[in-house]
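Read through the structure below, which is laid out as structure tokens, and then see the notes.
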Amino acid sequence: MILELGAEALEFGRSSWRAIQAAGGDELVRAVESDPSRRSQLGESVLGPLGAFDIDPWGSPEELEAAAALCRSVGYWGVPYPVEARLGRPRGGRFDALVVVAEAAPAAAGAGLRLRWAAAGLDGVLYSATPRAGGDQPRRSAFVCPLALEAVGTAQPLEVALALVLPCWTLLGMLDRAVALAGQHVLGRRQFDQPLASFQGVQFQLTEAEVERLGVEELAKYALWSLQTGRPEAVDDALALRLAAIEAAETVFRVAHQLHGAIGFCDETPLSWLSRYSVPIRRLPLGASATRSELTARIGGRGLTGLYSPPASP
Amino acid sequence: MGAQVADLRARLRELVRSEVPEGYLGAFSDDPADLEVAQRFCRTLADEQLLCVAWPPEWGGRGASPWEQTAVREEMWAHHEPRGAQYMGVNWVGPTIMRHGTAEQQSRHLPGIARGEVIWCQGFSEPDAGSDLASLRTAARRDGEVWRVSGQKIWTSYATVAQWCFLLARTSSEEKKQRGLTIFLVPMSAPGIVVRPIQTMLGPHHLNEVFFDDVAVPDADVLGGVGDGWNVVQEVLSFERVGIARYARCERLLQWAPVVLAERWAGLGEDLRGRWARMLVHARRARLLAYRVVDTQSRGQVRPADAAAYRIAVTRLDQESAEVLVEIAGSVAPDTPEARRFCRAVEDHCRYSAAATVASGSVEMQRILMSRSLLAPR
Ligand SMILES: Cc1cc2nc3c(=O)[nH]c(=O)nc-3n(C[C@H](O)[C@H](O)[C@H](O)COP(=O)(O)OP(=O)(O)OC[C@H]3O[C@@H](n4cnc5c(N)ncnc54)[C@H](O)[C@@H]3O)c2cc1C
């Protein structure tokens with residue numbers, strides 16, 4: 001089990017965090033939303049120089065961890081670029097990016113990028129995917145568009161698992177940021193002649209969010225370990241992470257918005273951007289209920305691997 | 001974690017299978033035989049140095065790693081704590097005496113705990129001092145060679161069966177109420193102590209009142225310095241940092257459910273099976289949050305907010321999983337011995353989990369602690 005990412009991965013996460021900050025940080029999403037044609041440049045001008053696309057998550061456990069750490073930093077800054085899909089591309093060089101889709105309504109945050117997309121169903125069918133017109137303007141869609149699919153083969157379970165796990169690392173970065181923003185806000189904002197942070201009602205909401213965030217962090221490391229060791233239940237572990245991550249995001253963003261008050265909805269606060277751009281990851285390929293159903297169907301009565309599975313005979 | 005932990009876990013499971021009757025729900029029931037099982041089991045563990053695994057060899061332990069201690073906590077709690085009340089002696093009474101006790105106190109108390117022969121109780125809470133423990137009023141005043149203790153403790157678990165009390169009392173009134181508190185190691189047989197059990201939904205022995213009426217305690221039974229009680233209590237709490245491995249019992253019961261229901265499992269509604277799956281995720285999450293604390297602890301660091309986060313997550317898991325399990329148990333026809341054991345274990349879990357967010361300090365106190373570190377000015 002991984003209790004902490006390796007030192008190299010952590011350092012890579014930190015240096016990419018600083019590089020994104022230097023490249024504009026919070027400004028990146030604003031700039032790209034006002035001029036969507038700049039979206040594809042993010043890959044070339046910000047992420048490429050970091051070596052993002054040279055990482056081969058299948059190459060070594062260290063590279064897999066580096067990929068996770070990068071996604072987390074990208075999530076923190078809400079960079080509107082599907083780095084997780086690119087890092088999770090299928091082996092073989094035929095595609096640039098992979099997303100897991102719900103076959104009934106395939107979609108991805110793929111608008112405005114010239115990439116060779118692959119999509120995988122949870123059942124393991126691999127598709128070649130083409131972003132279609134029909135997505136809303138980015139302000140409403142966060143670059144999500146429908147995909148046209150053409151079956152081309154089979155995705156390996158570990159590929160599916162990776163394509164589920166990496167977006168959760170991006171979402172984790174967003175949760176890191178949302179909790180940090182909420183904390184800063186309540187320390188700075190005064191009402192009734194005191195910082196909001198001095199009210200217990202405020203403190204307790206924040207701890208609620210933090211417990212959720214920490215839980216995602218631990219499950220994300222677990223799912224990564226499950227992948228690294230090629231465990232047969234890696235997809236179960238990825239779905240377990242995804243379920244917890246979506247539920248956590250619900251709590252964290254609800255709390256972060258609530259504690260910000262009206263200012264949190266304004267374009268001038270990073271929270272409002274982060275909140276909008278977290279939506280695609282939370283909704284696609286499946287939201288909380290459908291993710292839970294999928295996990296339930298998969299594990300049947302076997303349960304999740306843990307201390308007492310196969311079930312302890314009492 | 002590794003092979004050592006796996007071996008230890010396997011041995012503990014073997015011992016539980018051979019020494020603890022099937023369907024055992026812990027030492028504290030109306031049947032005195034259950035307490036005897038626990039007392040016997042503690043001696044069996046002690047014979048293999050498994051009772052106090054983490055203690056140094058000179059005091060009857062194996063000097064085990066925090067990961068081995070974790071395995072012990074998990075296996076014991078998962079199997080309804082067959083050590084009975086003695087987990088307290090092992091987890092914090094002994095270690096605190098090792099750190100603060102005189103040589104005489106150490107040789108008097110530690111061997112008995114390590115042999116699995118002594119039950120301790122914790123005399124902290126009072127009717128008017130719960131979360132605000134430092135407001136306690138039970139007083140010890142000097143009277144020549146001895147201290148005289150008078151006052152009342154409440155919620156004292158196992159006081160009816162304990163031989164010793166780890167008592168926190170006020171020895172002086174200071175401006176700051178955390179000062180002037182002192183720990184006494186008091187035999188429950190001392191004249192002037194009266195224990196009154198409290199009937200509760202949690203079952204017998206869990207909650208009691210203990211009255212002290214001019215109980216004479218010699219100086220030799222003061223632990224640590226006079227007036228130093230608050231610091232000692234903080235250490236007690238730090239030994240308990242990871243606390244009970246509640247997730248282990250939740251996980252075991254959750255994993256047991258489909259086995260008991262067998263072919264009827266698929267007939268449970270999708271929603272209920274979905275809630276069950278979600279609880280398994282939460283059990284894993286709580287376990288990993290516990291490991292996060294153990295990991296930092298094993299590197300000699302302390303991050304109180306992590307421990308608080310774990311406590312908040314695990315106590316909620318305890319209660320939410322109880323709701324789900326009760327609903328599942330409702331669909332079990334108790335027509336086999338195993339089904340009956342399952343239903344009884346779930347009923348027990350459900351009743352006991354209600355206290356999870358209050359016992360050993362309420363979750364609100366954990367939230368206060370956590371927000372202190374979250375909102376510390378940077
Ligand atoms: C099963 C069980 C076993 C126990 N065993 C022992 C034992 O062996 N020895 C022992 O000494 N004690 C024992 N206790 C007592 C336990 O430590 C106390 O119950 C606990 O500290 C809470 O105190 P209280 O019950 O007086 O609740 P109170 O302190 O009255 O609190 C009631 C509620 O108010 C909340 N509250 C209080 N203050 C604040 C605040 N400042 N901000 C927000 N919320 C607040 C609490 O969180 C709680 O939800 C046991 C309790 C239980 C349930």
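Residues are referred to by chain and number: the chain letter is A, B, ... according to the order shown in the structure tokens, the number counts from 1 in that chain, and ligands are numbered separately from 1 in the order shown.
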
Go through chain A residue by residue and, counting only C-alpha atoms and all ligand atoms, keep those with an atom at most 10 Å from ligand 1; for each kept residue give the shortest atom pair and its distance in Å to one decimal, ordered by chain and increasing number, as a Markdown table.
| residue | atom | partner | partner_atom_place_in_ligand_line | distance |
| --- | --- | --- | --- | --- |
| A:Gln200 | CA | ligand 1 | 42 (N) | 7.3 |
| A:Gly201 | CA | ligand 1 | 43 (C) | 9.1 |
| A:Phe204 | CA | ligand 1 | 43 (C) | 9.2 |

N, CA, C and O atoms of the current selection, written as a compact mmCIF listing (two decimals), in the first residue's frame:
# COMPACT_ATOMS: atom_id res chain seq x y z
N GLN A 200 -18.12 28.89 15.74
CA GLN A 200 -18.00 27.44 15.71
C GLN A 200 -18.80 26.82 14.55
O GLN A 200 -18.38 25.82 13.97
N GLY A 201 -19.93 27.45 14.20
CA GLY A 201 -20.71 26.94 13.07
C GLY A 201 -19.90 26.94 11.79
O GLY A 201 -20.02 26.05 10.95
N PHE A 204 -16.95 24.17 12.16
CA PHE A 204 -17.39 22.78 12.02
C PHE A 204 -17.67 22.44 10.56
O PHE A 204 -17.41 21.33 10.10

Give me the chain B side of the contact with chain A, cut-off 6 Å, one line per residue showing its nearest atom pair and distance in Å at one decimal, counting only C-alpha atoms, sorted by chain and residue number, as JSON lines.
{"residue": "B:Arg252", "atom": "CA", "partner": "A:Tyr308", "partner_atom": "CA", "distance": 5.5}
{"residue": "B:Gln255", "atom": "CA", "partner": "A:Pro311", "partner_atom": "CA", "distance": 5.3}
{"residue": "B:Trp256", "atom": "CA", "partner": "A:Pro311", "partner_atom": "CA", "distance": 5.8}
{"residue": "B:Pro258", "atom": "CA", "partner": "A:Gly301", "partner_atom": "CA", "distance": 5.2}
{"residue": "B:Gly274", "atom": "CA", "partner": "A:Thr296", "partner_atom": "CA", "distance": 5.5}
{"residue": "B:Ala277", "atom": "CA", "partner": "A:Thr296", "partner_atom": "CA", "distance": 5.7}
{"residue": "B:Val281", "atom": "CA", "partner": "A:Ala240", "partner_atom": "CA", "distance": 5.8}
{"residue": "B:Arg285", "atom": "CA", "partner": "A:Gly215", "partner_atom": "CA", "distance": 5.7}
{"residue": "B:Leu288", "atom": "CA", "partner": "A:Glu218", "partner_atom": "CA", "distance": 5.9}
{"residue": "B:Ala309", "atom": "CA", "partner": "A:Val211", "partner_atom": "CA", "distance": 5.3}
{"residue": "B:Ser371", "atom": "CA", "partner": "A:Gln203", "partner_atom": "CA", "distance": 5.7}

- Who sits within 7 Å of stretch 11-24 of chain B, only C-alpha atoms, same chain under 3 positions skipped, as a list in words: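 Contacts, in chain order: Asp7, Leu8, Val37, Phe41, Glu75 and Arg341 of chain B.
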
- Task: Name the residues in contact with A:Arg18 at a cut-off of 12 Å, using only C-alpha atoms, excluding same-chain residues fewer than 5 positions from it; report them as a list in words.
- Result: Glu11, Phe12, Gly13, Ala23, Gly24, Gly25, Val46, Leu47, Leu50, Leu70, Ser73, Val74, Tyr76 and Trp77 of chain A
